[in-house]
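Participant: See structure.csv below, with CSV, C-alpha atoms and all ligand atoms.
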chain,number,residue,atom,x,y,z
A,673,MET,CA,0.0,0.0,0.0
A,674,PHE,CA,1.1,3.6,-0.5
A,675,GLU,CA,-0.3,7.0,0.7
A,676,LYS,CA,-2.4,8.1,-2.3
A,677,GLY,CA,-2.3,11.8,-3.2
A,678,VAL,CA,0.3,14.5,-2.2
A,679,ALA,CA,2.5,13.8,0.8
A,680,SER,CA,3.0,16.5,3.5
A,681,SER,CA,6.1,18.6,2.9
A,682,THR,CA,9.0,18.2,5.2
A,683,GLN,CA,9.5,22.0,5.2
A,684,SER,CA,7.2,24.6,6.8
A,685,HIS,CA,6.0,27.3,4.5
A,686,ASP,CA,5.4,30.7,6.0
A,687,GLY,CA,3.1,32.7,3.8
A,688,SER,CA,2.7,35.7,6.1
A,689,HIS,CA,4.2,38.1,3.6
A,690,LEU,CA,2.6,36.7,0.5
A,691,ARG,CA,-0.2,38.1,-1.7
A,692,VAL,CA,-2.3,35.5,-3.5
A,693,LEU,CA,-5.0,35.8,-6.2
A,694,ILE,CA,-7.8,33.3,-6.5
A,695,VAL,CA,-9.7,33.4,-9.8
A,696,HIS,CA,-12.7,31.0,-10.0
A,697,ALA,CA,-15.4,30.1,-12.4
A,698,ARG,CA,-19.1,30.4,-11.7
A,699,TRP,CA,-20.1,27.2,-13.5
A,700,ASN,CA,-20.9,24.4,-11.0
A,701,LYS,CA,-20.7,27.1,-8.3
A,702,GLU,CA,-21.6,25.1,-5.3
A,703,ILE,CA,-18.7,22.8,-5.8
A,704,VAL,CA,-16.4,25.7,-6.8
A,705,ASP,CA,-17.3,27.6,-3.6
A,706,GLY,CA,-16.3,24.6,-1.5
A,707,LEU,CA,-12.9,24.4,-3.3
A,708,VAL,CA,-12.3,28.1,-3.0
A,709,GLU,CA,-13.0,27.9,0.7
A,710,GLY,CA,-10.7,24.9,1.1
A,711,ALA,CA,-7.8,26.9,-0.5
A,712,ARG,CA,-8.5,30.1,1.5
A,713,THR,CA,-8.8,28.3,4.8
A,714,THR,CA,-5.6,26.3,4.3
A,715,MET,CA,-3.5,29.3,3.3
A,716,ILE,CA,-4.8,31.3,6.3
A,717,SER,CA,-4.7,28.6,9.0
A,718,LYS,CA,-1.8,26.5,7.9
A,719,HIS,CA,0.5,29.0,6.2
A,720,ASN,CA,-0.3,32.3,7.9
A,721,VAL,CA,-1.4,34.1,4.8
A,722,LYS,CA,-3.2,37.3,5.8
A,723,PRO,CA,-6.9,37.2,4.8
A,724,GLU,CA,-6.6,40.7,3.4
A,725,ASN,CA,-3.8,39.5,1.1
A,726,ILE,CA,-6.0,37.0,-0.6
A,727,VAL,CA,-7.8,38.6,-3.5
A,728,THR,CA,-10.7,36.7,-5.1
A,729,LYS,CA,-12.1,37.4,-8.6
A,730,GLU,CA,-14.7,35.4,-10.5
A,731,VAL,CA,-15.3,34.7,-14.2
A,732,SER,CA,-18.1,32.9,-16.1
A,733,GLY,CA,-16.6,29.5,-17.0
A,734,SER,CA,-13.3,27.7,-16.7
A,735,TYR,CA,-12.4,28.6,-20.3
A,736,GLU,CA,-12.0,32.2,-19.2
A,737,LEU,CA,-9.5,31.4,-16.4
A,738,PRO,CA,-6.3,31.7,-18.3
A,739,PHE,CA,-7.2,35.1,-19.8
A,740,ALA,CA,-8.3,36.4,-16.5
A,741,ALA,CA,-5.2,35.2,-14.7
A,742,LYS,CA,-2.9,36.7,-17.3
A,743,ARG,CA,-4.7,40.1,-17.2
A,744,LEU,CA,-4.9,40.3,-13.4
A,745,ILE,CA,-1.3,39.4,-13.0
A,746,SER,CA,-0.2,42.0,-15.5
A,747,ASN,CA,-2.5,44.7,-13.9
A,748,SER,CA,-1.0,44.0,-10.4
A,749,GLN,CA,2.5,44.3,-11.8
A,750,VAL,CA,1.8,47.6,-13.6
A,751,GLN,CA,-0.2,49.0,-10.7
A,752,SER,CA,2.6,48.3,-8.3
A,753,VAL,CA,5.2,50.1,-10.4
A,754,THR,CA,2.9,53.1,-11.1
A,755,ASN,CA,1.9,53.6,-7.5
A,756,ASN,CA,5.5,53.5,-6.2
A,757,ASP,CA,6.8,55.7,-9.0
A,758,LEU,CA,4.2,58.3,-8.1
A,759,LEU,CA,5.1,58.1,-4.4
A,760,GLY,CA,8.8,58.0,-5.1
A,761,ASN,CA,9.1,54.7,-3.3
A,762,ASP,CA,11.8,52.1,-4.1
A,763,SER,CA,9.8,49.3,-2.4
A,764,PRO,CA,6.0,49.0,-2.0
A,765,SER,CA,4.6,50.4,1.2
A,766,GLU,CA,1.1,48.9,1.2
A,767,ASP,CA,0.4,45.2,0.7
A,768,THR,CA,-2.2,46.2,-1.9
A,769,ASP,CA,0.6,47.8,-4.0
A,770,ARG,CA,2.4,44.5,-4.4
A,771,PRO,CA,2.1,42.2,-7.4
A,772,PHE,CA,0.7,38.7,-6.8
A,773,ASP,CA,3.1,36.1,-5.6
A,774,ALA,CA,0.9,33.2,-6.8
A,775,VAL,CA,-2.4,32.6,-8.5
A,776,ILE,CA,-4.9,29.7,-7.9
A,777,CYS,CA,-7.3,29.2,-10.8
A,778,ILE,CA,-10.4,27.2,-9.7
A,779,GLY,CA,-13.1,25.6,-11.9
A,780,VAL,CA,-15.1,22.4,-12.2
A,781,LEU,CA,-15.5,20.8,-15.6
A,782,ILE,CA,-18.0,18.0,-15.8
A,783,LYS,CA,-18.2,15.8,-18.9
A,784,GLY,CA,-21.5,16.2,-20.9
A,785,SER,CA,-22.7,14.3,-24.0
A,786,THR,CA,-20.7,16.4,-26.6
A,787,MET,CA,-17.0,17.1,-27.2
A,788,HIS,CA,-17.2,20.5,-25.4
A,789,PHE,CA,-15.6,19.0,-22.3
A,790,GLU,CA,-12.5,17.7,-24.1
A,791,TYR,CA,-11.8,21.1,-25.9
A,792,ILE,CA,-12.2,23.1,-22.7
A,793,CYS,CA,-10.1,20.8,-20.6
A,794,GLU,CA,-7.3,20.9,-23.2
A,795,ALA,CA,-7.4,24.7,-23.7
A,796,VAL,CA,-7.6,25.5,-19.9
A,797,SER,CA,-4.8,23.2,-18.9
A,798,GLN,CA,-2.4,24.4,-21.7
A,799,GLY,CA,-3.5,28.0,-21.1
A,800,LEU,CA,-2.8,28.0,-17.4
A,801,MET,CA,0.6,26.4,-17.8
A,802,ARG,CA,1.4,29.1,-20.4
A,803,VAL,CA,0.4,32.0,-18.2
A,804,GLY,CA,2.6,30.7,-15.4
A,805,LEU,CA,5.7,30.2,-17.6
A,806,ASP,CA,5.1,33.5,-19.5
A,807,THR,CA,4.6,35.7,-16.4
A,808,GLY,CA,7.0,34.0,-14.0
A,809,VAL,CA,4.2,33.9,-11.4
A,810,PRO,CA,3.2,30.4,-10.3
A,811,VAL,CA,-0.3,29.5,-11.5
A,812,ILE,CA,-1.9,26.6,-9.7
A,813,PHE,CA,-4.1,24.3,-11.7
A,814,GLY,CA,-7.2,24.2,-9.6
A,815,VAL,CA,-9.5,22.8,-12.2
A,816,LEU,CA,-11.3,19.5,-11.6
A,817,THR,CA,-12.0,17.6,-14.9
A,818,CYS,CA,-14.6,15.0,-13.9
A,819,LEU,CA,-16.6,12.3,-15.7
A,820,ASN,CA,-19.7,12.8,-13.5
A,821,ASP,CA,-21.2,14.9,-10.7
A,822,GLU,CA,-20.2,12.5,-7.9
A,823,GLN,CA,-16.5,12.6,-8.9
A,824,ALA,CA,-16.6,16.4,-8.6
A,825,LEU,CA,-18.4,16.4,-5.3
A,826,GLN,CA,-15.9,13.8,-3.9
A,827,ARG,CA,-13.0,16.0,-4.9
A,828,ALA,CA,-14.4,18.9,-3.1
A,829,GLY,CA,-15.1,16.9,0.1
A,830,MET,CA,-18.8,17.1,-0.6
A,831,GLY,CA,-19.4,13.4,-1.5
A,832,LYS,CA,-23.0,12.2,-1.0
A,833,GLY,CA,-22.2,8.8,0.6
A,834,GLY,CA,-20.5,8.0,3.9
A,835,ASP,CA,-17.2,9.0,2.4
A,836,LYS,CA,-17.3,12.7,1.7
A,837,GLY,CA,-13.9,12.5,-0.2
A,838,HIS,CA,-11.2,15.1,0.1
A,839,ASN,CA,-11.3,18.8,-0.7
A,840,HIS,CA,-8.5,19.4,-3.3
A,841,GLY,CA,-8.7,23.1,-2.7
A,842,GLU,CA,-6.7,22.5,0.5
A,843,ASP,CA,-3.8,21.0,-1.6
A,844,TRP,CA,-4.0,23.9,-4.0
A,845,GLY,CA,-3.7,26.4,-1.2
A,846,THR,CA,-0.5,24.7,0.1
A,847,ALA,CA,0.9,24.4,-3.5
A,848,ALA,CA,0.4,28.1,-4.1
A,849,VAL,CA,2.3,29.1,-0.9
A,850,GLU,CA,5.0,26.5,-1.6
A,851,MET,CA,5.5,27.7,-5.2
A,852,ALA,CA,5.4,31.4,-4.2
A,853,LEU,CA,8.3,30.8,-1.8
A,854,LEU,CA,10.3,28.8,-4.3
A,855,LYS,CA,13.4,31.0,-4.8
B,901,LIG,C1,-19.8,25.7,-22.0
B,901,LIG,C2,-19.4,25.0,-20.8
B,901,LIG,C3,-19.7,23.7,-20.5
B,901,LIG,C4,-20.5,22.9,-21.5
B,901,LIG,N1,-19.3,23.1,-19.3
B,901,LIG,C5,-18.6,23.8,-18.4
B,901,LIG,C6,-18.2,23.2,-17.2
B,901,LIG,O1,-18.5,22.0,-16.9
B,901,LIG,N2,-17.5,23.9,-16.4
B,901,LIG,C7,-17.1,25.2,-16.6
B,901,LIG,O2,-16.4,25.8,-15.8
B,901,LIG,N3,-17.5,25.8,-17.8
B,901,LIG,C8,-18.3,25.1,-18.7
B,901,LIG,N4,-18.7,25.8,-19.8
B,901,LIG,C9,-18.4,27.2,-20.0
B,901,LIG,C10,-17.1,27.5,-20.6
B,901,LIG,O3,-16.0,27.3,-19.7
B,901,LIG,C11,-17.0,29.0,-21.1
B,901,LIG,O4,-17.4,29.8,-20.1
B,901,LIG,C12,-17.9,29.3,-22.3
B,901,LIG,O5,-17.6,28.4,-23.4
B,901,LIG,C13,-17.7,30.7,-22.8
B,901,LIG,O6,-16.4,30.9,-23.3
So that I can check it, write out the structure of this file as structure tokens.
Facilitator:
Amino acid sequence: MFEKGVASSTQSHDGSHLRVLIVHARWNKEIVDGLVEGARTTMISKHNVKPENIVTKEVSGSYELPFAAKRLISNSQVQSVTNNDLLGNDSPSEDTDRPFDAVICIGVLIKGSTMHFEYICEAVSQGLMRVGLDTGVPVIFGVLTCLNDEQALQRAGMGKGGDKGHNHGEDWGTAAVEMALLK
């Protein structure tokens, strides 16, 4: 037997100085909300990220996540430079002036009867990887790609049977902090 899923890190990750963006889709919102909450709670309670340093934005569907992530990362970088130029600061004074250190993109894709699912899954996974590599800001792939409703509920810790499953949002919160601290 082996421990399935991600093993705990041997290092502690202090996120008290980090600024994290969560972008989530509104499709399958009940499940998405559970995943967002899992990511937020883990970053705050396990990694000391300040609640006011977690910015949450929403988009319609998962297909919109890569574009939104790219634009919001760029805006935060431009805004930070502009604000500090105007103030004559060398380093940002307020946390809200700082660019994001990591982004978590959250969506739930559930297979239907057409090919739509396959196209969106492919585009979103490729798109999110590209945003991370192009911007140099870690982008966490918080998108469930499920064959049915029960698979999605299980992966948000909301399973219907006795076994509620595991909330993957918690793992994404930890991954975001770990990647932001990777120097
Ligand atoms: C169109 C569509 C479909 C069929 N299924 C989902 C889904 O399961 N999860 C999701 O997040 N979004 C879905 N969408 C919407 C697309 O992601 C996108 O919002 C639209 O195609 C508009 O670009």
Participant: Can you work out which residues are within 7 Å of ligand LIG 901 (chain B), considering all atoms listed in the file, and then hand them over as a PyMOL selection string?
Facilitator: chain A and resi 697-700+732-736+779-784+788-789+792
Participant: Taking all atoms listed in the file into account, which of A:Val815, A:His840, A:Met851, A:Asp821 comes nearest Thr714 in chain A?
Facilitator: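 That would be A:His840, the residue with the smallest distance to Thr714 in chain A.
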Participant: May I ask which of the residues A:Val727, A:Leu854, A:Cys777, A:Ala679 is the closest one to Gly799 in chain A, counting all atoms listed in the file?
Facilitator: A:Cys777
Participant: Counting all atoms listed in the file, which residues sit no farther than 12 Å from the position (-4.4, 28.0, 8.0) in the file's frame? I'd like them as a list in words.
Facilitator: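 Residues satisfying the cut-off, written out: His685, Asp686, Gly687, Ser688, Glu709, Gly710, Ala711, Arg712, Thr713, Thr714, Met715, Ile716, Ser717, Lys718, His719, Asn720, Val721, Lys722, Pro723, Glu842, Asp843, Gly845, Thr846 and Val849 of chain A.
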Participant: Counting only C-alpha atoms, figure out which residue out of A:Lys676, A:Lys729, A:Arg802, A:Arg770 gets nearest to Arg691 in chain A.
Facilitator: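 Closest to Arg691 in chain A, using only C-alpha atoms: A:Arg770.
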Participant: Residues near Gln826 in chain A, anyone? I mean within 9 Å using only C-alpha atoms, not counting same-chain ones fewer than 4 positions away, as a PyMOL selection string.
Facilitator: chain A and resi 821-822+830-832+835-839
Participant: Counting all atoms listed in the file, which residue out of A:Val678, A:Leu693, A:Leu707, A:Val750 sits closest to Ala824 in chain A?
Facilitator: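 Comparing A:Val678, A:Leu693, A:Leu707, A:Val750 against Ala824 in chain A, the winner is A:Leu707.
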Participant: Could you check how far CA of Gly841 in chain A sits from CA of Ile694 in chain A, in Å to one decimal?
Facilitator: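 About the pair CA of Gly841 in chain A and CA of Ile694 in chain A: they are 10.9 Å apart.
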Participant: Go ahead and compute the interatomic distance for CA of Ile812 in chain A and CA of Lys742 in chain A, in Å to one decimal.
Facilitator: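 That distance, rounded to one decimal, is 12.7 Å.
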Participant: Mind giving me the straight-line distance from CA of Val811 in chain A to CA of Thr786 in chain A in Å, one decimal?
Facilitator: 28.6 Å
